[in-house]
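Colleague: Provided herewith: target.cif, mmCIF, C-alpha atoms and all ligand atoms.
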```
data_start
loop_
_atom_site.label_atom_id
_atom_site.label_comp_id
_atom_site.auth_asym_id
_atom_site.auth_seq_id
_atom_site.Cartn_x
_atom_site.Cartn_y
_atom_site.Cartn_z
CA MET G 1 0.00 0.00 0.00
CA ARG G 2 1.35 3.40 -1.01
CA VAL G 3 1.31 5.83 1.93
CA GLY G 4 1.49 9.62 1.68
CA VAL G 5 2.45 11.48 4.85
CA LEU G 6 1.39 15.05 5.66
CA ALA G 7 3.42 16.89 8.31
CA SER G 8 4.09 20.43 9.51
CA GLY G 9 7.00 20.22 11.96
CA SER G 10 9.76 18.06 13.37
CA GLY G 11 8.69 14.83 11.69
CA SER G 12 9.63 12.25 14.31
CA ASN G 13 6.46 10.32 13.43
CA PHE G 14 7.26 10.53 9.72
CA GLN G 15 10.66 9.02 10.47
CA ALA G 16 9.18 6.30 12.67
CA LEU G 17 6.78 5.35 9.85
CA VAL G 18 9.58 5.17 7.30
CA GLU G 19 11.87 3.16 9.59
CA ALA G 20 9.16 0.69 10.56
CA LEU G 21 7.61 0.25 7.13
CA HIS G 22 10.59 0.25 4.79
CA ARG G 23 11.51 -3.32 5.55
CA GLU G 24 11.57 -6.43 3.44
CA GLY G 25 8.05 -7.79 2.99
CA SER G 26 6.30 -4.74 4.47
CA PRO G 27 2.70 -4.34 3.23
CA ALA G 28 3.09 -0.52 3.13
CA THR G 29 5.69 2.01 1.99
CA VAL G 30 5.88 5.76 2.41
CA CYS G 31 6.04 7.12 -1.14
CA CYS G 32 5.91 10.85 -0.44
CA LEU G 33 5.84 13.55 2.19
CA VAL G 34 3.87 16.77 1.80
CA CYS G 35 4.72 19.58 4.20
CA ASN G 36 2.77 22.84 4.49
CA VAL G 37 5.58 24.71 6.28
CA PRO G 38 8.65 25.71 4.22
CA GLY G 39 11.87 24.91 6.10
CA ALA G 40 10.30 22.44 8.58
CA LYS G 41 12.68 19.81 9.95
CA VAL G 42 10.60 16.97 8.51
CA LEU G 43 11.81 17.99 5.04
CA GLU G 44 15.43 17.20 5.97
CA ARG G 45 14.34 13.85 7.37
CA ALA G 46 12.61 13.00 4.07
CA VAL G 47 15.69 13.88 2.04
CA LYS G 48 17.86 11.69 4.32
CA ALA G 49 15.37 8.83 4.05
CA GLY G 50 15.21 9.13 0.25
CA VAL G 51 11.48 9.88 0.28
CA GLU G 52 10.11 12.46 -2.16
CA ALA G 53 9.30 15.67 -0.27
CA VAL G 54 6.92 18.32 -1.57
CA VAL G 55 6.38 21.72 0.04
CA LEU G 56 2.84 23.00 -0.40
CA ASP G 57 2.65 26.27 1.50
CA HIS G 58 -0.92 26.89 2.65
CA LYS G 59 -0.25 30.63 2.81
CA THR G 60 -0.14 30.75 -0.97
CA PHE G 61 -3.74 29.49 -1.35
CA ALA G 62 -6.93 31.54 -1.16
CA SER G 63 -8.93 28.95 0.82
CA ARG G 64 -8.64 25.67 2.70
CA GLU G 65 -10.69 23.96 -0.04
CA ALA G 66 -8.35 25.20 -2.78
CA TYR G 67 -5.34 24.01 -0.79
CA ASP G 68 -6.85 20.59 -0.09
CA ALA G 69 -7.93 20.13 -3.72
CA GLN G 70 -4.34 20.69 -4.82
CA LEU G 71 -3.11 18.37 -2.05
CA ALA G 72 -5.53 15.63 -3.14
CA ALA G 73 -4.45 15.98 -6.79
CA LEU G 74 -0.81 15.75 -5.81
CA LEU G 75 -1.36 12.63 -3.68
CA ARG G 76 -3.51 10.96 -6.34
CA ALA G 77 -0.87 11.63 -8.99
CA ARG G 78 1.58 9.66 -6.86
CA GLY G 79 -0.73 6.69 -6.46
CA VAL G 80 -1.27 7.26 -2.74
CA GLU G 81 -3.80 4.87 -1.16
CA LEU G 82 -3.54 5.93 2.48
CA VAL G 83 -2.93 9.44 3.85
CA CYS G 84 -1.22 9.69 7.26
CA LEU G 85 -1.34 12.96 9.18
CA ALA G 86 1.82 12.95 11.29
CA GLY G 87 1.98 16.24 13.15
CA TYR G 88 -0.02 17.95 10.40
CA MET G 89 -1.35 21.01 12.17
CA ARG G 90 -4.26 21.86 9.90
CA LEU G 91 -7.89 20.85 9.73
CA VAL G 92 -8.73 18.97 6.57
CA SER G 93 -11.73 19.80 4.40
CA PRO G 94 -14.08 17.60 2.32
CA ALA G 95 -11.87 18.31 -0.70
CA LEU G 96 -9.30 15.92 0.76
CA LEU G 97 -11.62 13.57 2.66
CA GLN G 98 -13.83 12.90 -0.37
CA ALA G 99 -10.78 12.10 -2.50
CA PHE G 100 -9.67 9.48 0.09
CA PRO G 101 -12.85 8.22 1.78
CA GLY G 102 -11.99 6.27 4.95
CA ARG G 103 -8.35 6.54 3.94
CA VAL G 104 -7.08 9.46 6.05
CA VAL G 105 -5.67 8.73 9.52
CA ASN G 106 -4.14 10.95 12.20
CA VAL G 107 -2.02 10.51 15.31
CA HIS G 108 -2.95 12.69 18.29
CA PRO G 109 -1.00 12.99 21.58
CA ALA G 110 -3.91 12.30 23.96
CA LEU G 111 -6.39 9.60 24.87
CA LEU G 112 -9.27 10.98 22.82
CA PRO G 113 -11.96 12.11 23.29
CA ALA G 114 -10.03 13.85 26.09
CA PHE G 115 -7.87 16.82 25.10
CA PRO G 116 -8.43 17.36 21.38
CA GLY G 117 -6.81 20.28 19.58
CA LEU G 118 -3.52 21.98 20.29
CA HIS G 119 -1.05 21.27 23.13
CA ALA G 120 -2.74 18.05 24.27
CA PRO G 121 0.04 17.02 26.75
CA ARG G 122 -0.11 20.51 28.30
CA GLN G 123 -3.91 20.17 28.62
CA ALA G 124 -3.51 16.73 30.26
CA LEU G 125 -0.98 18.05 32.80
CA ALA G 126 -3.12 21.08 33.62
CA TYR G 127 -6.18 18.87 34.14
CA GLY G 128 -4.25 16.54 36.43
CA VAL G 129 -4.92 13.16 34.80
CA ALA G 130 -2.94 10.10 35.98
CA LEU G 131 -2.86 8.49 32.52
CA ALA G 132 -2.04 10.23 29.26
CA GLY G 133 -1.30 8.67 25.87
CA CYS G 134 -1.89 8.77 22.15
CA THR G 135 -4.63 7.89 19.69
CA VAL G 136 -4.60 6.92 16.02
CA HIS G 137 -7.95 7.64 14.42
CA PHE G 138 -9.73 8.05 11.10
CA VAL G 139 -10.04 11.70 10.18
CA ASP G 140 -13.38 13.42 9.73
CA GLU G 141 -14.18 17.11 9.42
CA GLY G 142 -13.99 17.79 13.16
CA THR G 143 -10.98 18.44 15.35
CA ASP G 144 -9.73 14.99 16.42
CA THR G 145 -13.27 13.57 16.41
CA GLY G 146 -13.00 10.66 13.95
CA PRO G 147 -13.42 6.93 14.79
CA ILE G 148 -10.64 5.59 17.03
CA ILE G 149 -8.46 2.80 15.62
CA ALA G 150 -5.97 2.28 18.47
CA GLN G 151 -4.72 3.94 21.64
CA ALA G 152 -1.74 3.58 23.96
CA ALA G 153 -1.54 4.92 27.52
CA VAL G 154 1.43 6.22 29.50
CA PRO G 155 1.57 7.25 33.16
CA VAL G 156 1.85 10.89 34.19
CA LEU G 157 4.73 10.99 36.71
CA PRO G 158 4.99 13.38 39.65
CA ASP G 159 7.89 15.41 38.26
CA ASP G 160 6.57 15.60 34.70
CA ASP G 161 6.67 18.81 32.73
CA GLU G 162 5.26 19.23 29.24
CA ALA G 163 8.52 18.20 27.55
CA ARG G 164 8.98 15.00 29.57
CA LEU G 165 5.35 13.93 29.16
CA THR G 166 5.40 14.72 25.44
CA ALA G 167 8.55 12.61 24.97
CA ARG G 168 6.94 9.64 26.77
CA ILE G 169 3.77 9.96 24.64
CA GLN G 170 5.76 10.27 21.42
CA GLN G 171 7.65 7.05 22.14
CA GLU G 172 4.29 5.31 22.07
CA GLU G 173 3.20 7.18 18.93
CA HIS G 174 6.29 5.94 17.11
CA ARG G 175 5.31 2.35 17.86
CA LEU G 176 1.53 2.60 17.49
CA PHE G 177 1.22 4.59 14.26
CA PRO G 178 3.25 2.14 12.13
CA ALA G 179 1.38 -0.79 13.72
CA VAL G 180 -1.94 0.78 12.65
CA VAL G 181 -0.69 1.48 9.13
CA ARG G 182 0.45 -2.13 8.82
CA ALA G 183 -2.96 -3.37 10.04
CA LEU G 184 -4.77 -1.10 7.57
CA ALA G 185 -2.54 -2.32 4.73
CA MET G 186 -3.31 -5.93 5.65
CA GLY G 187 -7.07 -5.20 5.57
CA GLU G 188 -7.36 -5.95 9.28
CA VAL G 189 -9.32 -2.80 10.15
CA THR G 190 -12.90 -2.10 9.10
CA LEU G 191 -15.31 0.66 10.00
CA GLU G 192 -18.90 0.02 11.09
CA GLY G 193 -20.59 3.33 11.78
CA ARG G 194 -18.17 5.03 14.10
CA ARG G 195 -16.92 1.77 15.60
CA VAL G 196 -13.72 0.25 14.33
CA LYS G 197 -13.45 -3.54 14.07
CA ARG G 198 -9.95 -4.94 14.37
CA ALA G 199 -8.93 -8.45 13.34
CA ALA G 200 -6.43 -8.43 16.22
CA VAL G 201 -5.46 -6.08 19.03
CA ILE G 202 -3.26 -3.27 17.74
CA ALA G 203 -0.86 -2.31 20.52
C1 LIG B 1 2.96 14.52 17.53
O1 LIG B 1 3.07 14.32 18.92
C2 LIG B 1 1.52 14.43 17.10
O2 LIG B 1 0.76 13.56 17.89
C3 LIG B 1 1.06 15.86 17.29
O3 LIG B 1 2.13 16.64 16.87
C4 LIG B 1 3.34 15.96 17.17
C5 LIG B 1 4.24 16.01 15.95
O4 LIG B 1 5.51 15.52 16.23
N1 LIG B 1 -0.12 16.12 16.55
C6 LIG B 1 -1.12 16.88 17.00
O5 LIG B 1 -1.08 17.47 18.05
C7 LIG B 1 -2.31 16.98 16.05
N2 LIG B 1 -3.48 17.40 16.76
P1 LIG B 1 6.48 15.08 15.05
O6 LIG B 1 6.47 16.23 14.02
O7 LIG B 1 7.83 14.94 15.69
O8 LIG B 1 5.96 13.81 14.47
#
```
Since I need it in another form, could you write the structure as structure tokens?

Modeller:
Amino acid sequence: MRVGVLASGSGSNFQALVEALHREGSPATVCCLVCNVPGAKVLERAVKAGVEAVVLDHKTFASREAYDAQLAALLRARGVELVCLAGYMRLVSPALLQAFPGRVVNVHPALLPAFPGLHAPRQALAYGVALAGCTVHFVDEGTDTGPIIAQAAVPVLPDDDEARLTARIQQEEHRLFPAVVRALAMGEVTLEGRRVKRAAVIA
């Protein structure tokens, strides 16, 4: 399965996907990265990994729909079958979702439906939860509201600050996101309404 990754920043999840999936016999490969932020670190990672990187700066488009239509065309032209949002800090519109129905997934650094939106680890610390974590979910038009595919929890420790908690959550993201992509590529995940059926536990 050909995977296109969208990212806006550092790209540690992009790298984890490439490292986990670009192995002999893998059912999925990352064929391109699209980044909406010129100069973002993820672009360097793509060059090092030998993955085609495209910068599509959202500031040069008149509307979200126009941007997403161009994005969809670009991904389609590369034969992308699954779109992974890996630290892609933009809402997506129907222009992208209708081009890839049930084929857009996102990783979020919280146990959804708790703490959607920006700065999820900061929100979790401020709230005082004992367990934090990450979620991989299908994307719909809301903010982190789509059907949940898999989650992993981590403890919040007494001396945690945002950086330490984020690092612990991201370790789990780097494991969970590739596991979900592999399961999707193997046809082990199906959607019934908003409930996801998994052939096996994804952990
Ligand atoms: C990740 O922790 C991801 O879960 C989060 O941004 C980070 C990107 O890190 N995404 C969101 O908050 C989306 N709502 P990375 O660029 O190193 O992969």

Colleague: Go through chain G residue by residue and, counting all atoms listed in the file, keep those with an atom at most 10 Å from ligand LIG 1 (chain B); for each kept residue give the shortest atom pair and its distance in Å to one decimal, ordered by chain and increasing number, as a Markdown table.

Modeller:
```
| residue | atom | partner | partner_atom | distance |
| --- | --- | --- | --- | --- |
| G:Leu6 | CA | B:LIG1 | O6 | 9.9 |
| G:Ala7 | CA | B:LIG1 | O6 | 6.5 |
| G:Ser8 | CA | B:LIG1 | O6 | 6.6 |
| G:Gly9 | CA | B:LIG1 | O6 | 4.5 |
| G:Ser10 | CA | B:LIG1 | O6 | 3.8 |
| G:Gly11 | CA | B:LIG1 | O6 | 3.5 |
| G:Ser12 | CA | B:LIG1 | O7 | 3.5 |
| G:Asn13 | CA | B:LIG1 | O8 | 3.7 |
| G:Phe14 | CA | B:LIG1 | O8 | 5.9 |
| G:Gln15 | CA | B:LIG1 | O8 | 7.8 |
| G:Ala16 | CA | B:LIG1 | O8 | 8.4 |
| G:Leu17 | CA | B:LIG1 | O8 | 9.7 |
| G:Ala40 | CA | B:LIG1 | O6 | 9.1 |
| G:Lys41 | CA | B:LIG1 | O6 | 8.2 |
| G:Val42 | CA | B:LIG1 | O6 | 6.9 |
| G:Leu85 | CA | B:LIG1 | C7 | 8.0 |
| G:Ala86 | CA | B:LIG1 | O8 | 5.3 |
| G:Gly87 | CA | B:LIG1 | C5 | 3.6 |
| G:Tyr88 | CA | B:LIG1 | C7 | 6.2 |
| G:Met89 | CA | B:LIG1 | C7 | 5.7 |
| G:Arg90 | CA | B:LIG1 | C7 | 8.1 |
| G:Leu91 | CA | B:LIG1 | N2 | 9.0 |
| G:Asn106 | CA | B:LIG1 | C7 | 7.4 |
| G:Val107 | CA | B:LIG1 | O2 | 4.9 |
| G:His108 | CA | B:LIG1 | O2 | 3.8 |
| G:Pro109 | CA | B:LIG1 | O2 | 4.1 |
| G:Ala110 | CA | B:LIG1 | O2 | 7.8 |
| G:Phe115 | CA | B:LIG1 | N2 | 9.4 |
| G:Pro116 | CA | B:LIG1 | N2 | 6.8 |
| G:Gly117 | CA | B:LIG1 | N2 | 5.2 |
| G:Leu118 | CA | B:LIG1 | O5 | 5.6 |
| G:His119 | CA | B:LIG1 | O5 | 6.3 |
| G:Ala120 | CA | B:LIG1 | O5 | 6.5 |
| G:Pro121 | CA | B:LIG1 | O5 | 8.8 |
| G:Gly133 | CA | B:LIG1 | O2 | 9.6 |
| G:Cys134 | CA | B:LIG1 | O2 | 6.9 |
| G:Thr135 | CA | B:LIG1 | O2 | 8.0 |
| G:Val136 | CA | B:LIG1 | O2 | 8.7 |
| G:Thr143 | CA | B:LIG1 | N2 | 7.7 |
| G:Asp144 | CA | B:LIG1 | N2 | 6.7 |
| G:Thr166 | CA | B:LIG1 | O1 | 6.9 |
| G:Ala167 | CA | B:LIG1 | O1 | 8.3 |
| G:Arg168 | CA | B:LIG1 | O1 | 9.9 |
| G:Ile169 | CA | B:LIG1 | O1 | 7.2 |
| G:Gln170 | CA | B:LIG1 | O1 | 5.5 |
| G:Gln171 | CA | B:LIG1 | O1 | 9.2 |
| G:Glu172 | CA | B:LIG1 | O1 | 9.6 |
| G:Glu173 | CA | B:LIG1 | O2 | 6.9 |
| G:His174 | CA | B:LIG1 | O8 | 8.3 |
| G:Phe177 | CA | B:LIG1 | O2 | 9.7 |
```

Colleague: From the list G:Ala99, G:Ala124, G:Met186, G:Leu111, which residue is nearest Ala152 in chain G when using all atoms listed in the file?

Modeller: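 Residue with the minimum atom-to-atom distance to Ala152 in chain G: G:Leu111.
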
Colleague: Counting only C-alpha atoms, which residue out of G:Thr145, G:Thr29, G:Gln151, G:Gln123 sits closest to Glu81 in chain G?

Modeller: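 Checking each of G:Thr145, G:Thr29, G:Gln151, G:Gln123 against Glu81 in chain G, counting only C-alpha atoms, the winner is G:Thr29.
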
Colleague: Could you state the separation of CA of Glu141 in chain G and CA of Ala72 in chain G in Å, given to one decimal place?

Modeller: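 If I compute the distance from CA of Glu141 in chain G to CA of Ala72 in chain G, I get 15.3 Å.
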
Colleague: Can you work out the spacing between CA of Val54 in chain G and CA of Glu19 in chain G in Å, to one decimal?

Modeller: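 These atoms are spaced 19.5 Å apart.
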
Colleague: Between G:Val80, G:Ile148, G:Leu165, G:Ala203, which is the closest to Ala130 in chain G once you count all atoms listed in the file?

Modeller: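 Selected residue with least distance to Ala130 in chain G: G:Leu165.
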
Colleague: Considering all atoms listed in the file, state which residue in the set G:Pro38, G:Leu56, G:Arg195, G:Arg2 is at the smallest distance from Val18 in chain G.

Modeller: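 Ranking G:Pro38, G:Leu56, G:Arg195, G:Arg2 by distance to Val18 in chain G, first place goes to G:Arg2.
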
Colleague: As an exercise, work out the distance from CA of Glu52 in chain G to CA of Asn36 in chain G in Å and give it to one decimal place.

Modeller: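 Interatomic distance, CA of Glu52 in chain G to CA of Asn36 in chain G: 14.3 Å.
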
Colleague: Could you check the closest approach to Leu112 in chain G for each of G:Leu97, G:Pro147, G:Leu82, G:Ala20 and tell me which residue wins, using all atoms listed in the file?

Modeller: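 Once distances to Leu112 in chain G are computed over all atoms listed in the file, the minimum belongs to G:Pro147.
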
Colleague: Ranking G:Met1, G:Val156, G:Ser93, G:Cys35 by minimum distance to His22 in chain G and counting all atoms listed in the file, which one comes first?

Modeller: G:Met1

Colleague: Select all residues near (3.0, 11.7, 2.5) (cut-off 7 Å, inclusive, file coordinates), counting all atoms listed in the file, and output them as a count of residues only.

Modeller: 11

Colleague: Please provide as a PyMOL selection string all residues within 12 Å of Glu192 in chain G, with the sequence filter that same-chain residues fewer than 4 positions apart are discarded (counting only C-alpha atoms).

Modeller: chain G and resi 102+147-149+196-198
